[in-house]
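Visitor: Below is the file model-v8.pdb, which contains PDB, C-alpha atoms and all ligand atoms.
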ATOM      1  CA  MET A  21      -4.833  28.241   8.195  1.00  0.00           C
ATOM      2  CA  SER A  22      -2.832  25.636  10.165  1.00  0.00           C
ATOM      3  CA  GLU A  23       0.932  25.991  10.454  1.00  0.00           C
ATOM      4  CA  PRO A  24       1.810  23.152   8.016  1.00  0.00           C
ATOM      5  CA  ILE A  25      -0.649  24.461   5.419  1.00  0.00           C
ATOM      6  CA  ALA A  26       0.707  28.005   5.795  1.00  0.00           C
ATOM      7  CA  LEU A  27       4.252  26.688   5.308  1.00  0.00           C
ATOM      8  CA  LEU A  28       3.255  24.794   2.152  1.00  0.00           C
ATOM      9  CA  HIS A  29       1.366  27.808   0.866  1.00  0.00           C
ATOM     10  CA  ARG A  30       4.507  29.936   1.232  1.00  0.00           C
ATOM     11  CA  LEU A  31       6.621  27.335  -0.543  1.00  0.00           C
ATOM     12  CA  ILE A  32       4.439  26.809  -3.621  1.00  0.00           C
ATOM     13  CA  ARG A  33       5.737  28.886  -6.519  1.00  0.00           C
ATOM     14  CA  THR A  34       3.322  29.970  -9.231  1.00  0.00           C
ATOM     15  CA  ILE A  35       4.887  30.241 -12.689  1.00  0.00           C
ATOM     16  CA  PRO A  36       2.754  32.183 -15.189  1.00  0.00           C
ATOM     17  CA  ASP A  37       2.424  30.854 -18.735  1.00  0.00           C
ATOM     18  CA  PHE A  38       4.209  27.534 -18.161  1.00  0.00           C
ATOM     19  CA  PRO A  39       4.283  25.187 -20.036  1.00  0.00           C
ATOM     20  CA  GLN A  40       2.009  27.227 -22.309  1.00  0.00           C
ATOM     21  CA  PRO A  41       0.343  30.644 -22.317  1.00  0.00           C
ATOM     22  CA  GLY A  42      -2.536  30.969 -19.860  1.00  0.00           C
ATOM     23  CA  ILE A  43      -1.431  28.183 -17.490  1.00  0.00           C
ATOM     24  CA  GLN A  44      -0.515  29.185 -13.936  1.00  0.00           C
ATOM     25  CA  PHE A  45       1.863  26.340 -13.118  1.00  0.00           C
ATOM     26  CA  LYS A  46       2.042  25.378  -9.437  1.00  0.00           C
ATOM     27  CA  ASP A  47       5.678  24.459  -8.863  1.00  0.00           C
ATOM     28  CA  ILE A  48       6.068  22.189  -5.827  1.00  0.00           C
ATOM     29  CA  THR A  49       9.867  21.781  -6.100  1.00  0.00           C
ATOM     30  CA  PRO A  50      10.437  24.380  -3.317  1.00  0.00           C
ATOM     31  CA  ILE A  51       8.418  22.067  -1.024  1.00  0.00           C
ATOM     32  CA  LEU A  52      10.652  19.138  -1.945  1.00  0.00           C
ATOM     33  CA  ALA A  53      13.744  21.270  -1.354  1.00  0.00           C
ATOM     34  CA  ASP A  54      12.667  22.277   2.158  1.00  0.00           C
ATOM     35  CA  GLY A  55      13.077  19.551   4.802  1.00  0.00           C
ATOM     36  CA  ASP A  56      10.246  20.842   7.009  1.00  0.00           C
ATOM     37  CA  GLY A  57       8.042  21.496   3.995  1.00  0.00           C
ATOM     38  CA  PHE A  58       8.500  18.068   2.459  1.00  0.00           C
ATOM     39  CA  ARG A  59       7.846  16.388   5.800  1.00  0.00           C
ATOM     40  CA  ALA A  60       4.754  18.557   6.382  1.00  0.00           C
ATOM     41  CA  ALA A  61       3.360  17.574   2.987  1.00  0.00           C
ATOM     42  CA  VAL A  62       4.038  13.862   3.427  1.00  0.00           C
ATOM     43  CA  ASP A  63       2.585  13.947   6.972  1.00  0.00           C
ATOM     44  CA  LEU A  64      -0.660  15.468   5.652  1.00  0.00           C
ATOM     45  CA  PHE A  65      -1.031  12.601   3.171  1.00  0.00           C
ATOM     46  CA  ILE A  66      -0.162  10.034   5.859  1.00  0.00           C
ATOM     47  CA  ALA A  67      -2.838  11.373   8.212  1.00  0.00           C
ATOM     48  CA  GLN A  68      -5.439  10.801   5.499  1.00  0.00           C
ATOM     49  CA  ILE A  69      -4.351   7.254   4.735  1.00  0.00           C
ATOM     50  CA  GLN A  70      -3.174   5.630   7.938  1.00  0.00           C
ATOM     51  CA  ASP A  71      -6.645   4.598   9.153  1.00  0.00           C
ATOM     52  CA  ALA A  72      -8.164   3.963   5.717  1.00  0.00           C
ATOM     53  CA  ASN A  73      -7.286   0.257   5.658  1.00  0.00           C
ATOM     54  CA  VAL A  74      -5.593   0.422   2.258  1.00  0.00           C
ATOM     55  CA  GLN A  75      -3.074  -2.101   0.944  1.00  0.00           C
ATOM     56  CA  LYS A  76      -1.447   0.023  -1.777  1.00  0.00           C
ATOM     57  CA  VAL A  77      -0.607   3.594  -2.638  1.00  0.00           C
ATOM     58  CA  VAL A  78      -1.006   4.490  -6.315  1.00  0.00           C
ATOM     59  CA  GLY A  79       1.016   7.530  -7.443  1.00  0.00           C
ATOM     60  CA  ILE A  80       0.528   9.420 -10.698  1.00  0.00           C
ATOM     61  CA  ASP A  81       3.435  10.235 -13.062  1.00  0.00           C
ATOM     62  CA  ALA A  82       5.532  12.083 -12.108  1.00  0.00           C
ATOM     63  CA  ARG A  83       5.068  14.286  -9.032  1.00  0.00           C
ATOM     64  CA  GLY A  84       2.638  11.811  -7.509  1.00  0.00           C
ATOM     65  CA  PHE A  85       5.615   9.446  -7.226  1.00  0.00           C
ATOM     66  CA  LEU A  86       7.523  11.842  -4.979  1.00  0.00           C
ATOM     67  CA  PHE A  87       4.831  12.116  -2.323  1.00  0.00           C
ATOM     68  CA  GLY A  88       3.260   8.692  -2.875  1.00  0.00           C
ATOM     69  CA  ALA A  89       6.492   6.759  -2.445  1.00  0.00           C
ATOM     70  CA  ALA A  90       7.332   8.581   0.792  1.00  0.00           C
ATOM     71  CA  VAL A  91       3.846   7.869   2.162  1.00  0.00           C
ATOM     72  CA  ALA A  92       3.991   4.194   1.160  1.00  0.00           C
ATOM     73  CA  TYR A  93       7.387   3.829   2.848  1.00  0.00           C
ATOM     74  CA  ALA A  94       6.216   5.488   6.056  1.00  0.00           C
ATOM     75  CA  LEU A  95       3.129   3.264   6.293  1.00  0.00           C
ATOM     76  CA  GLY A  96       4.795   0.058   5.097  1.00  0.00           C
ATOM     77  CA  LEU A  97       2.488  -0.146   2.058  1.00  0.00           C
ATOM     78  CA  GLY A  98       3.238  -1.126  -1.528  1.00  0.00           C
ATOM     79  CA  PHE A  99       3.663   1.676  -4.059  1.00  0.00           C
ATOM     80  CA  ILE A 100       2.235   1.428  -7.588  1.00  0.00           C
ATOM     81  CA  PRO A 101       3.201   3.865 -10.350  1.00  0.00           C
ATOM     82  CA  VAL A 102       0.634   4.926 -12.950  1.00  0.00           C
ATOM     83  CA  ARG A 103       2.788   6.095 -15.848  1.00  0.00           C
ATOM     84  CA  LYS A 104       2.519   7.848 -19.134  1.00  0.00           C
ATOM     85  CA  LYS A 105       2.291   5.522 -22.121  1.00  0.00           C
ATOM     86  CA  GLY A 106       5.384   3.568 -23.052  1.00  0.00           C
ATOM     87  CA  LYS A 107       7.324   3.797 -19.784  1.00  0.00           C
ATOM     88  CA  LEU A 108       6.356   0.579 -18.007  1.00  0.00           C
ATOM     89  CA  PRO A 109       8.351  -2.501 -19.089  1.00  0.00           C
ATOM     90  CA  TRP A 110       5.931  -5.352 -18.243  1.00  0.00           C
ATOM     91  CA  LYS A 111       2.406  -6.151 -19.462  1.00  0.00           C
ATOM     92  CA  THR A 112       0.109  -3.193 -18.955  1.00  0.00           C
ATOM     93  CA  GLN A 113      -3.487  -2.073 -18.921  1.00  0.00           C
ATOM     94  CA  HIS A 114      -4.009   1.349 -20.441  1.00  0.00           C
ATOM     95  CA  HIS A 115      -6.654   4.048 -20.372  1.00  0.00           C
ATOM     96  CA  SER A 116      -6.944   7.030 -22.719  1.00  0.00           C
ATOM     97  CA  TYR A 117      -8.689  10.284 -21.932  1.00  0.00           C
ATOM     98  CA  THR A 118      -9.397  13.499 -23.765  1.00  0.00           C
ATOM     99  CA  LEU A 119      -7.441  16.696 -23.241  1.00  0.00           C
ATOM    100  CA  GLU A 120      -8.333  20.132 -24.564  1.00  0.00           C
ATOM    101  CA  TYR A 121      -6.211  19.235 -27.570  1.00  0.00           C
ATOM    102  CA  GLY A 122      -5.782  15.538 -28.346  1.00  0.00           C
ATOM    103  CA  THR A 123      -5.662  12.591 -25.962  1.00  0.00           C
ATOM    104  CA  ASN A 124      -3.420  11.226 -23.251  1.00  0.00           C
ATOM    105  CA  THR A 125      -2.829   7.614 -22.257  1.00  0.00           C
ATOM    106  CA  VAL A 126      -1.749   6.271 -18.884  1.00  0.00           C
ATOM    107  CA  GLU A 127      -0.715   2.731 -18.001  1.00  0.00           C
ATOM    108  CA  ILE A 128      -0.398   0.404 -15.027  1.00  0.00           C
ATOM    109  CA  HIS A 129       1.275  -2.980 -14.763  1.00  0.00           C
ATOM    110  CA  GLU A 130      -1.432  -5.593 -15.040  1.00  0.00           C
ATOM    111  CA  ASP A 131      -0.278  -7.396 -11.880  1.00  0.00           C
ATOM    112  CA  ALA A 132       0.197  -4.209  -9.818  1.00  0.00           C
ATOM    113  CA  VAL A 133      -3.140  -4.377  -8.003  1.00  0.00           C
ATOM    114  CA  SER A 134      -4.955  -7.567  -7.017  1.00  0.00           C
ATOM    115  CA  PRO A 135      -8.745  -7.999  -7.222  1.00  0.00           C
ATOM    116  CA  GLY A 136     -10.372  -6.669  -4.063  1.00  0.00           C
ATOM    117  CA  GLU A 137      -7.380  -4.592  -2.980  1.00  0.00           C
ATOM    118  CA  ARG A 138      -8.097  -1.193  -1.470  1.00  0.00           C
ATOM    119  CA  VAL A 139      -5.826   1.592  -2.710  1.00  0.00           C
ATOM    120  CA  ALA A 140      -5.264   5.296  -2.070  1.00  0.00           C
ATOM    121  CA  LEU A 141      -4.536   7.531  -5.063  1.00  0.00           C
ATOM    122  CA  ILE A 142      -1.996  10.347  -4.695  1.00  0.00           C
ATOM    123  CA  ASP A 143      -0.916  13.208  -6.934  1.00  0.00           C
ATOM    124  CA  ASP A 144       0.456  16.694  -6.396  1.00  0.00           C
ATOM    125  CA  LEU A 145      -2.381  18.567  -8.075  1.00  0.00           C
ATOM    126  CA  LEU A 146      -6.009  18.099  -9.130  1.00  0.00           C
ATOM    127  CA  ALA A 147      -6.832  20.217 -12.183  1.00  0.00           C
ATOM    128  CA  THR A 148      -9.550  18.914 -14.540  1.00  0.00           C
ATOM    129  CA  GLY A 149      -9.426  15.478 -12.889  1.00  0.00           C
ATOM    130  CA  GLY A 150      -8.844  13.736 -16.232  1.00  0.00           C
ATOM    131  CA  THR A 151      -5.584  12.137 -15.152  1.00  0.00           C
ATOM    132  CA  ALA A 152      -6.857  11.018 -11.759  1.00  0.00           C
ATOM    133  CA  SER A 153     -10.026   9.635 -13.293  1.00  0.00           C
ATOM    134  CA  ALA A 154      -7.953   7.633 -15.786  1.00  0.00           C
ATOM    135  CA  ALA A 155      -5.882   6.258 -12.891  1.00  0.00           C
ATOM    136  CA  VAL A 156      -9.089   5.247 -11.087  1.00  0.00           C
ATOM    137  CA  ASN A 157     -10.195   3.423 -14.227  1.00  0.00           C
ATOM    138  CA  LEU A 158      -6.906   1.524 -14.371  1.00  0.00           C
ATOM    139  CA  VAL A 159      -7.220   0.374 -10.761  1.00  0.00           C
ATOM    140  CA  ARG A 160     -10.809  -0.729 -11.443  1.00  0.00           C
ATOM    141  CA  GLN A 161      -9.747  -2.596 -14.594  1.00  0.00           C
ATOM    142  CA  LEU A 162      -7.531  -4.702 -12.306  1.00  0.00           C
ATOM    143  CA  GLY A 163     -10.358  -5.274  -9.815  1.00  0.00           C
ATOM    144  CA  GLY A 164      -9.064  -2.887  -7.164  1.00  0.00           C
ATOM    145  CA  GLU A 165     -10.986  -0.197  -5.318  1.00  0.00           C
ATOM    146  CA  VAL A 166      -9.836   3.415  -4.970  1.00  0.00           C
ATOM    147  CA  VAL A 167     -11.071   4.305  -1.490  1.00  0.00           C
ATOM    148  CA  LYS A 168      -9.509   7.783  -1.356  1.00  0.00           C
ATOM    149  CA  ALA A 169      -7.934  10.306  -3.723  1.00  0.00           C
ATOM    150  CA  ILE A 170      -5.613  12.848  -2.129  1.00  0.00           C
ATOM    151  CA  PHE A 171      -3.903  15.849  -3.720  1.00  0.00           C
ATOM    152  CA  LEU A 172      -1.728  18.543  -2.245  1.00  0.00           C
ATOM    153  CA  ILE A 173      -3.289  21.239  -4.441  1.00  0.00           C
ATOM    154  CA  GLU A 174      -6.712  21.681  -6.053  1.00  0.00           C
ATOM    155  CA  LEU A 175      -7.501  24.165  -8.819  1.00  0.00           C
ATOM    156  CA  ASP A 176     -11.123  24.292  -7.759  1.00  0.00           C
ATOM    157  CA  PHE A 177     -12.245  26.572 -10.611  1.00  0.00           C
ATOM    158  CA  LEU A 178     -11.655  23.602 -12.947  1.00  0.00           C
ATOM    159  CA  GLY A 179     -14.124  21.357 -11.093  1.00  0.00           C
ATOM    160  CA  GLY A 180     -11.938  18.235 -11.226  1.00  0.00           C
ATOM    161  CA  ARG A 181     -13.869  16.549  -8.399  1.00  0.00           C
ATOM    162  CA  LYS A 182     -16.763  16.034 -10.783  1.00  0.00           C
ATOM    163  CA  ASN A 183     -14.606  13.468 -12.595  1.00  0.00           C
ATOM    164  CA  LEU A 184     -14.137  11.460  -9.398  1.00  0.00           C
ATOM    165  CA  THR A 185     -17.749  10.837  -8.424  1.00  0.00           C
ATOM    166  CA  GLY A 186     -18.158   8.444  -5.528  1.00  0.00           C
ATOM    167  CA  ILE A 187     -14.552   8.699  -4.374  1.00  0.00           C
ATOM    168  CA  PRO A 188     -13.745  10.771  -1.276  1.00  0.00           C
ATOM    169  CA  VAL A 189     -11.373  13.523  -2.448  1.00  0.00           C
ATOM    170  CA  THR A 190      -9.083  15.406  -0.062  1.00  0.00           C
ATOM    171  CA  THR A 191      -6.974  18.423  -1.017  1.00  0.00           C
ATOM    172  CA  PHE A 192      -4.898  20.594   1.303  1.00  0.00           C
ATOM    173  CA  LEU A 193      -4.523  23.856  -0.635  1.00  0.00           C
ATOM    174  CA  GLN A 194      -7.119  25.300  -2.962  1.00  0.00           C
ATOM    175  CA  TYR A 195      -6.723  27.976  -5.617  1.00  0.00           C
TER     176      TYR A 195
HETATM  177  P1  LIG B 201      -5.702  17.105 -14.773  1.00  0.00           P
HETATM  178  O1  LIG B 201      -5.712  15.767 -15.437  1.00  0.00           O
HETATM  179  O2  LIG B 201      -6.227  18.211 -15.618  1.00  0.00           O
HETATM  180  O3  LIG B 201      -6.399  17.042 -13.406  1.00  0.00           O
HETATM  181  O4  LIG B 201      -4.190  17.484 -14.536  1.00  0.00           O
HETATM  182  C1  LIG B 201      -3.516  16.959 -13.456  1.00  0.00           C
HETATM  183  C2  LIG B 201      -2.089  16.612 -13.767  1.00  0.00           C
HETATM  184  O5  LIG B 201      -1.435  17.655 -14.513  1.00  0.00           O
HETATM  185  C3  LIG B 201      -1.316  16.443 -12.490  1.00  0.00           C
HETATM  186  O6  LIG B 201      -0.453  15.325 -12.627  1.00  0.00           O
HETATM  187  C4  LIG B 201      -0.574  17.745 -12.315  1.00  0.00           C
HETATM  188  O7  LIG B 201       0.715  17.513 -11.827  1.00  0.00           O
HETATM  189  C5  LIG B 201      -0.540  18.382 -13.699  1.00  0.00           C
HETATM  190  N1  LIG B 201      -1.021  19.787 -13.709  1.00  0.00           N
HETATM  191  C6  LIG B 201      -2.148  20.235 -14.304  1.00  0.00           C
HETATM  192  N2  LIG B 201      -2.280  21.559 -14.174  1.00  0.00           N
HETATM  193  C7  LIG B 201      -1.221  21.988 -13.447  1.00  0.00           C
HETATM  194  C8  LIG B 201      -0.798  23.263 -12.930  1.00  0.00           C
HETATM  195  N3  LIG B 201      -1.496  24.384 -13.140  1.00  0.00           N
HETATM  196  N4  LIG B 201       0.335  23.311 -12.206  1.00  0.00           N
HETATM  197  C9  LIG B 201       1.049  22.174 -11.975  1.00  0.00           C
HETATM  198  N5  LIG B 201       0.711  20.961 -12.431  1.00  0.00           N
HETATM  199  C10 LIG B 201      -0.413  20.835 -13.153  1.00  0.00           C
END
Would you encode the structure as structure tokens?
Guide:
Amino acid sequence: MSEPIALLHRLIRTIPDFPQPGIQFKDITPILADGDGFRAAVDLFIAQIQDANVQKVVGIDARGFLFGAAVAYALGLGFIPVRKKGKLPWKTQHHSYTLEYGTNTVEIHEDAVSPGERVALIDDLLATGGTASAAVNLVRQLGGEVVKAIFLIELDFLGGRKNLTGIPVTTFLQY
């Protein structure tokens, strides 16, 4: 395990039964609170994106914003938020997906990505891949191309990569 990964591993806090029984919640706020940890995390994302010839970084509500915005700033790229339904003020495209119970809807501003633009997708954690897959659909609805999807953490027992077929997926810590 490299030094940055070991540091991040130490900083991630697992909270049993949050927000509901049976979920092992991976709390990344101790990474954000640690200057070296936050920089290590952002640097890992940057290394994956800097030579990928992307024009935009798309971050997923809400923890994807924290890492995605820092990466976009460092690389001088635009940052695009994919948000939960009802949060974006301008005209949106939306995509709904199925959860274990019920559905979830995410939105993007319809002028956020231009046709032909290459984007990198960022979130803190890949679980079932439903959210990331919905974000990919939104980018495609606008004519953009998701060339990479990058997550700090992967819950690999949930097989979320299967929902992102054809997109190179990078994760730094696996559980
Ligand atoms: P999914 O759509 O199942 O891949 O879920 C991914 C989204 O839910 C991400 O935005 C994560 O931040 C959040 N999430 C799902 N499971 C967990 C978990 N065990 N710990 C922390 N966040 C999670």
Visitor: Return as number ranges by chain the residues of protein, DNA or RNA that approach ligand LIG 201 (chain B) to within 8 Å, with all atoms listed in the file taken into account.
Guide: A: 34, 43-48, 80-84, 119, 143-153, 175, 180
Visitor: Going by the chain IDs and residue numbers used in this file, which residues fall under the PyMOL selection byres (((chain A and resi 125-135) around 8) and not hetatm)? Write them as a list in words.
Guide: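 Selected by the PyMOL selection byres (((chain A and resi 125-135) around 8) and not hetatm) here: Lys76, Ile100, Pro101, Val102, Arg103, Lys104, Lys105, Gly106, Leu108, Trp110, Lys111, Thr112, Gln113, His114, His115, Ser116, Tyr117, Thr123, Asn124, Gly136, Glu137, Thr151, Ala154, Ala155, Leu158, Val159, Leu162, Gly163 and Gly164 of chain A.
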Visitor: What separation in Å, quoted to one decimal, exists between atom CA of Val156 of chain A and atom CA of Ile51 of chain A?
Guide: 26.3 Å
Visitor: Hey, can you check how far atom CA of Thr118 of chain A sits from atom CA of Ile142 of chain A?
Guide: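 A separation of 20.7 Å between them.
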Visitor: When the PyMOL selection byres (((chain A and resi 65) around 9) and not hetatm) is applied to the structure above, which residues does it catch, written out as an MDAnalysis selection string?
Guide: chainID A and resid 60:64 66:70 87:88 91 142 170:172
Visitor: Do you have the atom CA of Lys168 of chain A-atom CA of Thr191 of chain A distance handy?
Guide: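 Between these atoms lies a distance of 10.9 Å.
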Visitor: Pick out the closest residue to Asn73 of chain A from this set: A:Leu95, A:Val189, A:Leu27, A:Leu178. Count all atoms listed in the file.
Guide: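 Using all atoms listed in the file, the shortest distance to Asn73 of chain A belongs to A:Leu95.
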Visitor: Using all atoms listed in the file, which of A:Val78, A:Tyr121, A:Ala92, A:Phe192 sits nearest Val166 of chain A?
Guide: A:Val78
Visitor: Which is closest to Ala94 of chain A among A:Ile173, A:Val167, A:Val77, A:Leu184, if we use all atoms listed in the file?
Guide: A:Val77
Visitor: Mind working out the centre and edge lengths of an axis-aligned box for segment 130-135 of chain A, all listed atoms inside, 8 Å added to each side, rounded to one decimal in Å and written as JSON?
Guide:
{"center_x": -4.3, "center_y": -6.1, "center_z": -11.0, "size_x": 24.9, "size_y": 19.8, "size_z": 24.0}
Visitor: Starting from the sparse input, extend segment 57-83 of chain A to N, CA, C and O atoms and give the output as a compact mmCIF listing (two decimals), keeping the file's coordinate frame.
Guide:
# COMPACT_ATOMS: atom_id res chain seq x y z
N GLY A 57 9.16 21.44 4.93
CA GLY A 57 8.04 21.50 4.00
C GLY A 57 7.71 20.12 3.44
O GLY A 57 6.54 19.73 3.39
N PHE A 58 8.75 19.40 3.03
CA PHE A 58 8.50 18.07 2.46
C PHE A 58 7.87 17.16 3.51
O PHE A 58 6.89 16.45 3.24
N ARG A 59 8.41 17.22 4.73
CA ARG A 59 7.85 16.39 5.80
C ARG A 59 6.40 16.79 6.08
O ARG A 59 5.54 15.93 6.29
N ALA A 60 6.13 18.09 6.12
CA ALA A 60 4.75 18.56 6.38
C ALA A 60 3.79 18.02 5.32
O ALA A 60 2.69 17.56 5.64
N ALA A 61 4.22 18.06 4.07
CA ALA A 61 3.36 17.57 2.99
C ALA A 61 3.11 16.07 3.11
O ALA A 61 1.97 15.61 3.06
N VAL A 62 4.19 15.32 3.32
CA VAL A 62 4.04 13.86 3.43
C VAL A 62 3.18 13.50 4.65
O VAL A 62 2.31 12.62 4.58
N ASP A 63 3.38 14.22 5.76
CA ASP A 63 2.58 13.95 6.97
C ASP A 63 1.09 14.20 6.74
O ASP A 63 0.25 13.50 7.30
N LEU A 64 0.76 15.21 5.95
CA LEU A 64 -0.66 15.47 5.65
C LEU A 64 -1.27 14.29 4.90
O LEU A 64 -2.38 13.85 5.19
N PHE A 65 -0.54 13.78 3.91
CA PHE A 65 -1.03 12.60 3.17
C PHE A 65 -1.17 11.40 4.12
O PHE A 65 -2.18 10.68 4.08
N ILE A 66 -0.15 11.19 4.95
CA ILE A 66 -0.16 10.03 5.86
C ILE A 66 -1.39 10.07 6.77
O ILE A 66 -2.07 9.05 6.96
N ALA A 67 -1.70 11.26 7.30
CA ALA A 67 -2.84 11.37 8.21
C ALA A 67 -4.14 10.96 7.54
O ALA A 67 -5.05 10.45 8.19
N GLN A 68 -4.23 11.16 6.24
CA GLN A 68 -5.44 10.80 5.50
C GLN A 68 -5.53 9.31 5.21
O GLN A 68 -6.60 8.78 4.95
N ILE A 69 -4.39 8.63 5.21
CA ILE A 69 -4.35 7.25 4.74
C ILE A 69 -4.19 6.23 5.85
O ILE A 69 -4.66 5.10 5.74
N GLN A 70 -3.61 6.65 6.97
CA GLN A 70 -3.17 5.63 7.94
C GLN A 70 -4.32 4.80 8.52
O GLN A 70 -4.11 3.65 8.88
N ASP A 71 -5.52 5.37 8.61
CA ASP A 71 -6.64 4.60 9.15
C ASP A 71 -7.64 4.17 8.08
O ASP A 71 -8.77 3.79 8.38
N ALA A 72 -7.23 4.24 6.82
CA ALA A 72 -8.16 3.96 5.72
C ALA A 72 -8.16 2.50 5.30
O ALA A 72 -8.88 2.12 4.38
N ASN A 73 -7.34 1.69 5.97
CA ASN A 73 -7.29 0.26 5.66
C ASN A 73 -7.02 0.01 4.17
O ASN A 73 -7.77 -0.71 3.51
N VAL A 74 -5.97 0.65 3.65
CA VAL A 74 -5.59 0.42 2.26
C VAL A 74 -4.35 -0.46 2.21
O VAL A 74 -3.54 -0.48 3.14
N GLN A 75 -4.23 -1.20 1.11
CA GLN A 75 -3.07 -2.10 0.94
C GLN A 75 -2.01 -1.49 0.04
O GLN A 75 -0.85 -1.89 0.08
N LYS A 76 -2.40 -0.53 -0.82
CA LYS A 76 -1.45 0.02 -1.78
C LYS A 76 -1.64 1.53 -1.89
O LYS A 76 -2.75 2.04 -1.71
N VAL A 77 -0.55 2.19 -2.25
CA VAL A 77 -0.61 3.59 -2.64
C VAL A 77 -0.32 3.65 -4.13
O VAL A 77 0.68 3.10 -4.60
N VAL A 78 -1.21 4.30 -4.88
CA VAL A 78 -1.01 4.49 -6.32
C VAL A 78 -0.62 5.95 -6.54
O VAL A 78 -1.35 6.87 -6.15
N GLY A 79 0.54 6.18 -7.17
CA GLY A 79 1.02 7.53 -7.44
C GLY A 79 0.98 7.80 -8.94
O GLY A 79 1.22 6.91 -9.75
N ILE A 80 0.65 9.04 -9.29
CA ILE A 80 0.53 9.42 -10.70
C ILE A 80 1.79 10.12 -11.18
O ILE A 80 2.32 11.03 -10.52
N ASP A 81 2.28 9.71 -12.34
CA ASP A 81 3.44 10.24 -13.06
C ASP A 81 3.34 11.76 -13.18
O ASP A 81 2.32 12.26 -13.69
N ALA A 82 4.32 12.50 -12.78
CA ALA A 82 5.53 12.08 -12.11
C ALA A 82 5.58 12.60 -10.67
O ALA A 82 6.20 11.97 -9.82
N ARG A 83 4.92 13.72 -10.39
CA ARG A 83 5.07 14.29 -9.03
C ARG A 83 4.30 13.50 -7.99
O ARG A 83 4.62 13.55 -6.80
